[in-house]
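Coordinates as given in target.tsv (TSV, C-alpha atoms):
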```tsv
chain	number	residue	atom	x	y	z
I	286	MET	CA	49.84	-2.23	76.88
I	287	ASN	CA	47.47	-0.58	74.40
I	288	LYS	CA	49.49	2.64	74.22
I	289	ILE	CA	48.28	5.39	71.91
I	290	ARG	CA	50.79	6.96	69.52
I	291	SER	CA	48.34	8.75	67.24
I	292	ALA	CA	44.60	9.40	67.10
I	293	VAL	CA	42.86	11.62	64.56
I	294	LEU	CA	39.31	12.31	63.48
I	295	GLU	CA	39.71	11.18	59.87
I	296	THR	CA	36.19	11.08	58.41
I	297	VAL	CA	32.84	12.62	59.31
I	298	CYS	CA	29.70	11.29	57.59
I	299	GLY	CA	26.31	12.97	57.58
I	300	VAL	CA	22.93	11.62	56.55
I	301	THR	CA	23.63	11.78	52.80
I	302	SER	CA	27.36	10.93	52.95
I	303	THR	CA	28.85	7.87	51.32
I	304	LEU	CA	30.41	5.63	53.95
I	305	PRO	CA	34.19	5.20	53.54
I	306	GLU	CA	35.64	1.85	52.48
I	307	ASN	CA	38.36	1.54	55.08
I	308	ARG	CA	41.05	-1.14	54.79
I	309	GLN	CA	41.69	-1.24	58.52
I	310	TYR	CA	38.96	-2.76	60.64
I	311	GLU	CA	36.32	-0.76	62.49
I	312	VAL	CA	34.70	-1.07	65.89
I	313	ALA	CA	31.61	1.03	66.55
I	314	PHE	CA	30.17	2.65	69.65
I	315	ALA	CA	26.42	3.14	69.95
I	316	GLY	CA	24.36	4.59	72.78
I	317	LYS	CA	21.67	7.06	73.64
I	318	SER	CA	22.37	10.77	73.88
I	319	ASN	CA	24.43	11.79	76.92
I	320	VAL	CA	25.34	8.20	77.85
I	321	GLY	CA	29.04	9.09	77.72
I	322	LYS	CA	30.24	7.90	74.30
I	323	SER	CA	32.53	10.87	73.71
I	324	SER	CA	33.96	10.63	77.23
I	325	LEU	CA	34.60	6.91	76.73
I	326	ILE	CA	36.37	7.45	73.42
I	327	ASN	CA	38.54	10.20	74.94
I	328	ALA	CA	39.40	7.88	77.85
I	329	LEU	CA	40.33	5.06	75.48
I	330	LEU	CA	42.50	7.40	73.42
I	331	GLU	CA	44.05	9.19	76.41
I	332	ARG	CA	42.87	12.50	75.00
I	333	LYS	CA	40.92	15.22	76.77
I	334	SER	CA	38.78	16.53	73.94
I	335	LEU	CA	39.37	14.71	70.65
I	336	ALA	CA	35.77	13.52	70.79
I	337	ARG	CA	33.63	16.49	71.73
I	338	THR	CA	31.73	16.17	74.97
I	339	SER	CA	28.74	18.26	75.90
I	340	ALA	CA	26.17	18.54	78.67
I	341	GLN	CA	23.64	19.03	75.87
I	342	PRO	CA	22.28	15.69	74.63
I	343	GLY	CA	22.22	15.03	70.91
I	344	LYS	CA	25.59	16.65	70.19
I	345	THR	CA	26.87	13.86	67.95
I	346	GLN	CA	24.74	14.01	64.80
I	347	THR	CA	27.24	12.43	62.42
I	348	ILE	CA	29.20	9.20	62.13
I	349	ASN	CA	32.75	10.04	63.23
I	350	TYR	CA	35.70	7.82	62.26
I	351	TYR	CA	38.77	8.03	64.50
I	352	ARG	CA	41.94	6.47	63.04
I	353	ILE	CA	44.11	4.99	65.77
I	354	ASN	CA	47.85	4.28	65.63
I	355	GLU	CA	48.15	4.36	61.85
I	356	GLY	CA	50.82	1.89	60.73
I	357	GLU	CA	51.61	0.80	64.30
I	358	LEU	CA	52.64	-2.85	64.69
I	359	ARG	CA	54.26	-2.99	68.12
I	360	PRO	CA	52.38	-5.37	70.44
I	361	ASP	CA	52.32	-3.01	73.43
I	362	PHE	CA	50.50	-0.34	71.41
I	363	ALA	CA	46.80	-0.28	70.58
I	364	PRO	CA	46.09	-1.77	67.13
I	365	ASP	CA	45.84	0.22	63.91
I	366	CYS	CA	42.07	0.47	63.51
I	367	TYR	CA	39.08	2.83	63.48
I	368	LEU	CA	36.87	3.71	66.41
I	369	VAL	CA	33.51	4.75	64.95
I	370	ASP	CA	31.28	7.04	67.02
I	371	LEU	CA	27.65	6.65	65.97
I	372	PRO	CA	25.00	9.38	66.53
I	373	GLY	CA	23.36	9.30	69.93
I	374	TYR	CA	19.75	8.15	69.86
I	375	GLY	CA	16.74	8.88	72.04
I	376	TYR	CA	17.24	12.66	72.17
I	377	ALA	CA	13.79	13.85	73.27
I	378	ASN	CA	14.04	17.40	71.87
I	379	ALA	CA	14.89	16.30	68.33
I	380	SER	CA	12.07	16.29	65.80
I	381	GLU	CA	10.60	12.99	64.68
I	382	LYS	CA	12.04	13.59	61.21
I	383	VAL	CA	15.55	14.11	62.60
I	384	LYS	CA	15.23	11.05	64.86
I	385	ALA	CA	14.20	8.97	61.85
I	386	LEU	CA	17.18	10.21	59.82
I	387	TRP	CA	19.60	9.39	62.64
I	388	GLY	CA	18.06	5.95	62.93
I	389	GLU	CA	18.39	5.33	59.19
I	390	MET	CA	22.02	6.48	59.27
I	391	ILE	CA	22.90	4.12	62.13
I	392	GLU	CA	21.08	1.19	60.58
I	393	ARG	CA	22.69	1.81	57.19
I	394	TYR	CA	26.13	1.77	58.79
I	395	LEU	CA	25.48	-1.41	60.78
I	396	HIS	CA	24.23	-3.29	57.73
I	397	SER	CA	26.61	-2.01	55.06
I	398	SER	CA	30.06	-1.41	56.57
I	399	ALA	CA	32.27	-4.24	55.33
I	400	SER	CA	35.05	-3.28	57.75
I	401	LEU	CA	32.93	-3.44	60.92
I	402	ARG	CA	34.15	-6.12	63.30
I	403	ALA	CA	32.52	-5.32	66.65
I	404	VAL	CA	29.88	-3.07	68.15
I	405	PHE	CA	29.89	-1.75	71.69
I	406	LEU	CA	26.50	-0.69	73.05
I	407	LEU	CA	26.71	1.85	75.86
I	408	VAL	CA	24.04	2.04	78.56
I	409	ASP	CA	23.96	4.11	81.74
I	410	ILE	CA	24.69	1.73	84.62
I	411	ARG	CA	22.44	3.75	86.94
I	412	HIS	CA	19.27	3.12	84.96
I	413	GLU	CA	17.43	0.14	83.50
I	414	PRO	CA	17.87	0.05	79.72
I	415	GLY	CA	14.96	1.76	77.96
I	416	ALA	CA	12.99	1.03	74.81
I	417	ASN	CA	15.57	2.82	72.63
I	418	ASP	CA	18.37	0.71	74.10
I	419	ARG	CA	16.44	-2.48	73.45
I	420	GLN	CA	15.71	-1.38	69.89
I	421	MET	CA	19.37	-0.59	69.25
I	422	HIS	CA	20.38	-3.96	70.68
I	423	ASP	CA	17.95	-5.65	68.30
I	424	TRP	CA	19.27	-3.61	65.34
I	425	ILE	CA	22.82	-4.68	66.09
I	426	VAL	CA	21.81	-8.33	66.41
I	427	SER	CA	19.85	-8.12	63.14
I	428	SER	CA	23.05	-6.90	61.44
I	429	GLY	CA	24.66	-10.20	62.37
I	430	MET	CA	26.62	-9.12	65.43
I	431	GLU	CA	26.28	-9.64	69.17
I	432	PRO	CA	27.11	-6.31	70.85
I	433	VAL	CA	29.43	-6.00	73.82
I	434	ILE	CA	27.64	-3.99	76.50
I	435	ILE	CA	29.47	-1.14	78.23
I	436	ALA	CA	27.80	0.09	81.40
I	437	THR	CA	29.01	3.69	81.69
I	438	LYS	CA	29.37	5.99	84.71
I	439	ALA	CA	30.35	3.08	86.97
I	440	ASP	CA	32.04	5.47	89.38
I	441	LYS	CA	28.56	6.66	90.42
I	442	LEU	CA	27.75	3.31	92.09
I	443	LYS	CA	29.18	1.23	94.90
I	444	PRO	CA	30.64	-2.20	93.95
I	445	SER	CA	27.63	-4.03	95.40
I	446	GLN	CA	25.29	-1.80	93.38
I	447	THR	CA	27.35	-2.36	90.25
I	448	GLU	CA	26.87	-6.13	90.34
I	449	LYS	CA	23.11	-5.74	90.73
I	450	ALA	CA	22.92	-3.15	87.93
I	451	ILE	CA	24.80	-5.43	85.52
I	452	ARG	CA	22.38	-8.27	86.27
I	453	VAL	CA	19.47	-5.94	85.45
I	454	ILE	CA	21.10	-4.87	82.17
I	455	ARG	CA	21.64	-8.49	81.17
I	456	THR	CA	18.04	-9.38	81.95
I	457	VAL	CA	16.40	-6.39	80.24
I	458	LEU	CA	18.50	-6.61	77.06
I	459	LYS	CA	18.35	-10.43	77.06
I	460	VAL	CA	22.11	-10.54	76.68
I	461	LYS	CA	23.65	-13.92	75.97
I	462	GLU	CA	25.52	-15.46	78.89
I	463	GLU	CA	28.87	-15.37	77.05
I	464	THR	CA	28.50	-11.71	76.03
I	465	PRO	CA	30.68	-9.34	78.08
I	466	VAL	CA	29.07	-6.56	80.11
I	467	ILE	CA	31.82	-4.15	81.17
I	468	ALA	CA	31.46	-1.60	83.96
I	469	PHE	CA	33.24	1.51	82.69
I	470	SER	CA	34.22	4.82	84.25
I	471	SER	CA	35.73	7.54	82.05
I	472	LEU	CA	36.76	9.36	85.22
I	473	LYS	CA	38.61	6.47	86.86
I	474	ARG	CA	39.49	4.61	83.62
I	475	THR	CA	37.77	1.51	85.02
I	476	GLY	CA	37.24	-1.02	82.25
I	477	ARG	CA	39.61	0.67	79.78
I	478	ASP	CA	41.94	-2.32	79.42
I	479	GLU	CA	39.03	-4.74	79.03
I	480	VAL	CA	37.55	-2.67	76.21
I	481	TRP	CA	40.90	-2.37	74.42
I	482	ASN	CA	41.50	-6.11	74.71
I	483	LEU	CA	38.15	-6.74	73.00
I	484	ILE	CA	38.96	-4.17	70.31
I	485	ARG	CA	42.28	-5.91	69.69
I	486	ALA	CA	40.58	-9.32	69.54
I	487	ALA	CA	38.00	-8.00	67.07
I	488	GLY	CA	40.77	-7.45	64.54
I	489	GLY	CA	40.95	-11.17	63.98
I	490	ASN	CA	37.21	-11.58	63.47
I	491	GLY	CA	35.92	-11.65	59.91
I	492	ARG	CA	32.36	-10.62	59.25
```

Give the structure from the file, written as structure tokens.
Amino acid sequence: MNKIRSAVLETVCGVTSTLPENRQYEVAFAGKSNVGKSSLINALLERKSLARTSAQPGKTQTINYYRINEGELRPDFAPDCYLVDLPGYGYANASEKVKALWGEMIERYLHSSASLRAVFLLVDIRHEPGANDRQMHDWIVSSGMEPVIIATKADKLKPSQTEKAIRVIRTVLKVKEETPVIAFSSLKRTGRDEVWNLIRAAGGNGR
């Protein structure tokens, strides 16, 4: 289920770039710098380094569009769609001007992409969501979407700690009761199927 036949980085958009008008639907991944977005995307795509990972926060400074399974229709394969990696926010060493530009780029994408069907907001399961996470959550909601929350680095906690951490995330972000909060581990692939099932379901959601 959700097999990957092809995955390519098709489009890269900077601050002044025109966003592509993709026919296939898009799902976006947002999160602060070093929260594990690139590792999650690589885990979803069963690739080691398609999305670049780095110990240095702030590596992703563009909007990256990954085309998945182009033309694929078989039900046991992941759907033909785009995974969109948004710039990491909250990078302390970036200048205020750069932070503002990244913020404008993310907000422009959330409000103007006609092909966007779902947004996944990544937070580190080990820490209470910060002000930047709450702001991003509010941005996504203001764009007319309720983000799915992915709590990354779940392998760092025991199961009993995981349940408590998810309750904290729900409370701090004021997540609706019906909104999924998925514990995810790129190392152990925990939560991979749940995320793919939501990506597949998003294909039937108009905006």

Residue nearest Glu392 (chain I) - candidates I:Lys461, I:Ile348, I:Leu368, I:Val293, atoms counted: only C-alpha atoms: I:Ile348

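Contact shell of Ile454 (chain I) at 12 Å (all atoms listed in the file; same-chain neighbours under 6 positions omitted): Leu406, Leu407, Val408, Asp409, Ile410, Arg411, His412, Glu413, Pro414, Gly415, Asp418, Arg419, His422, Val433, Ile434, Ile435, Ala436, Thr437, Thr447, Glu448, Val460, Lys461, Glu462, Thr464, Pro465, Val466, Ile467 and Ala468 of chain I.
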
Suppose we keep C-alpha atoms; can you now write the selection as an mmCIF file, in the frame of the given file?
```
data_model
loop_
_atom_site.group_PDB
_atom_site.id
_atom_site.type_symbol
_atom_site.label_atom_id
_atom_site.label_comp_id
_atom_site.auth_asym_id
_atom_site.auth_seq_id
_atom_site.Cartn_x
_atom_site.Cartn_y
_atom_site.Cartn_z
ATOM 1 C CA LEU I 406 26.500 -0.690 73.050
ATOM 2 C CA LEU I 407 26.710 1.850 75.860
ATOM 3 C CA VAL I 408 24.040 2.040 78.560
ATOM 4 C CA ASP I 409 23.960 4.110 81.740
ATOM 5 C CA ILE I 410 24.690 1.730 84.620
ATOM 6 C CA ARG I 411 22.440 3.750 86.940
ATOM 7 C CA HIS I 412 19.270 3.120 84.960
ATOM 8 C CA GLU I 413 17.430 0.140 83.500
ATOM 9 C CA PRO I 414 17.870 0.050 79.720
ATOM 10 C CA GLY I 415 14.960 1.760 77.960
ATOM 11 C CA ASP I 418 18.370 0.710 74.100
ATOM 12 C CA ARG I 419 16.440 -2.480 73.450
ATOM 13 C CA HIS I 422 20.380 -3.960 70.680
ATOM 14 C CA VAL I 433 29.430 -6.000 73.820
ATOM 15 C CA ILE I 434 27.640 -3.990 76.500
ATOM 16 C CA ILE I 435 29.470 -1.140 78.230
ATOM 17 C CA ALA I 436 27.800 0.090 81.400
ATOM 18 C CA THR I 437 29.010 3.690 81.690
ATOM 19 C CA THR I 447 27.350 -2.360 90.250
ATOM 20 C CA GLU I 448 26.870 -6.130 90.340
ATOM 21 C CA VAL I 460 22.110 -10.540 76.680
ATOM 22 C CA LYS I 461 23.650 -13.920 75.970
ATOM 23 C CA GLU I 462 25.520 -15.460 78.890
ATOM 24 C CA THR I 464 28.500 -11.710 76.030
ATOM 25 C CA PRO I 465 30.680 -9.340 78.080
ATOM 26 C CA VAL I 466 29.070 -6.560 80.110
ATOM 27 C CA ILE I 467 31.820 -4.150 81.170
ATOM 28 C CA ALA I 468 31.460 -1.600 83.960
#
```

Quick one: residues within 8 Å of Phe469 (chain I), only C-alpha atoms counted, chain neighbours fewer than 5 positions away excluded, as a list in words?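 So, after excluding close chain neighbours, the residues are Ile435, Ala436, Thr437, Lys438, Ala439, Asp440, Arg474, Thr475, Gly476 and Arg477 of chain I.
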
Residue nearest Val312 (chain I) - candidates I:Tyr374, I:Tyr367, I:Trp424, I:Trp481, atoms counted: only C-alpha atoms: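 Closest residue, counting only C-alpha atoms: I:Tyr367.
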
When distances are computed from all atoms listed in the file, which of I:Cys298, I:Ile391, I:Leu304, I:Ala328 shows the smallest separation from Pro372 (chain I)?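 Once distances to Pro372 (chain I) are computed over all atoms listed in the file, the minimum belongs to I:Ile391.
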
Of the listed residues I:Ser427, I:Gln420, I:Ser323, I:Ser471, that which approaches Arg337 (chain I) most closely, counting all atoms listed in the file: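 Looking only at the distances to Arg337 (chain I), the closest residue turns out to be I:Ser323.
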
I:Asn349, I:Asn307, I:Leu325, I:Lys317: which is nearest Met421 (chain I), counting only C-alpha atoms?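 The shortest atom-to-atom distance to Met421 (chain I) comes from I:Lys317.
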
Nearest to Lys333 (chain I) by atom-to-atom distance, counting only C-alpha atoms, from I:Leu442, I:Val320, I:Leu371, I:Ala292: I:Ala292

So that I can check the surroundings of Leu401 (chain I), please list as a PyMOL selection string every protein, DNA and RNA residue that reaches within 12 Å of it, counting only C-alpha atoms and ignoring chain neighbours fewer than 2 positions away. chain I and resi 304-314+350+366-369+394-399+403-405+425+428-430+432+484+487-492

What separation in Å, quoted to one decimal, exists between CA of Ser318 (chain I) and CA of Asn417 (chain I)? 10.5 Å

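With CA of Gly388 (chain I) on one side and CA of Gln346 (chain I) on the other, the separation reads 10.6 Å.
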
Output, as AutoDock Vina command-line options, the centre and edge lengths in Å (one decimal) of the axis-aligned box that contains all listed atoms of region 378-396 of chain I with 4 Å of margin on each side.
```
--center_x 18.4 --center_y 7.1 --center_z 64.5 --size_x 23.5 --size_y 28.7 --size_z 22.7
```

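Pairwise distance (CA of Ile289 (chain I), CA of Arg402 (chain I)) equals 20.2 Å.
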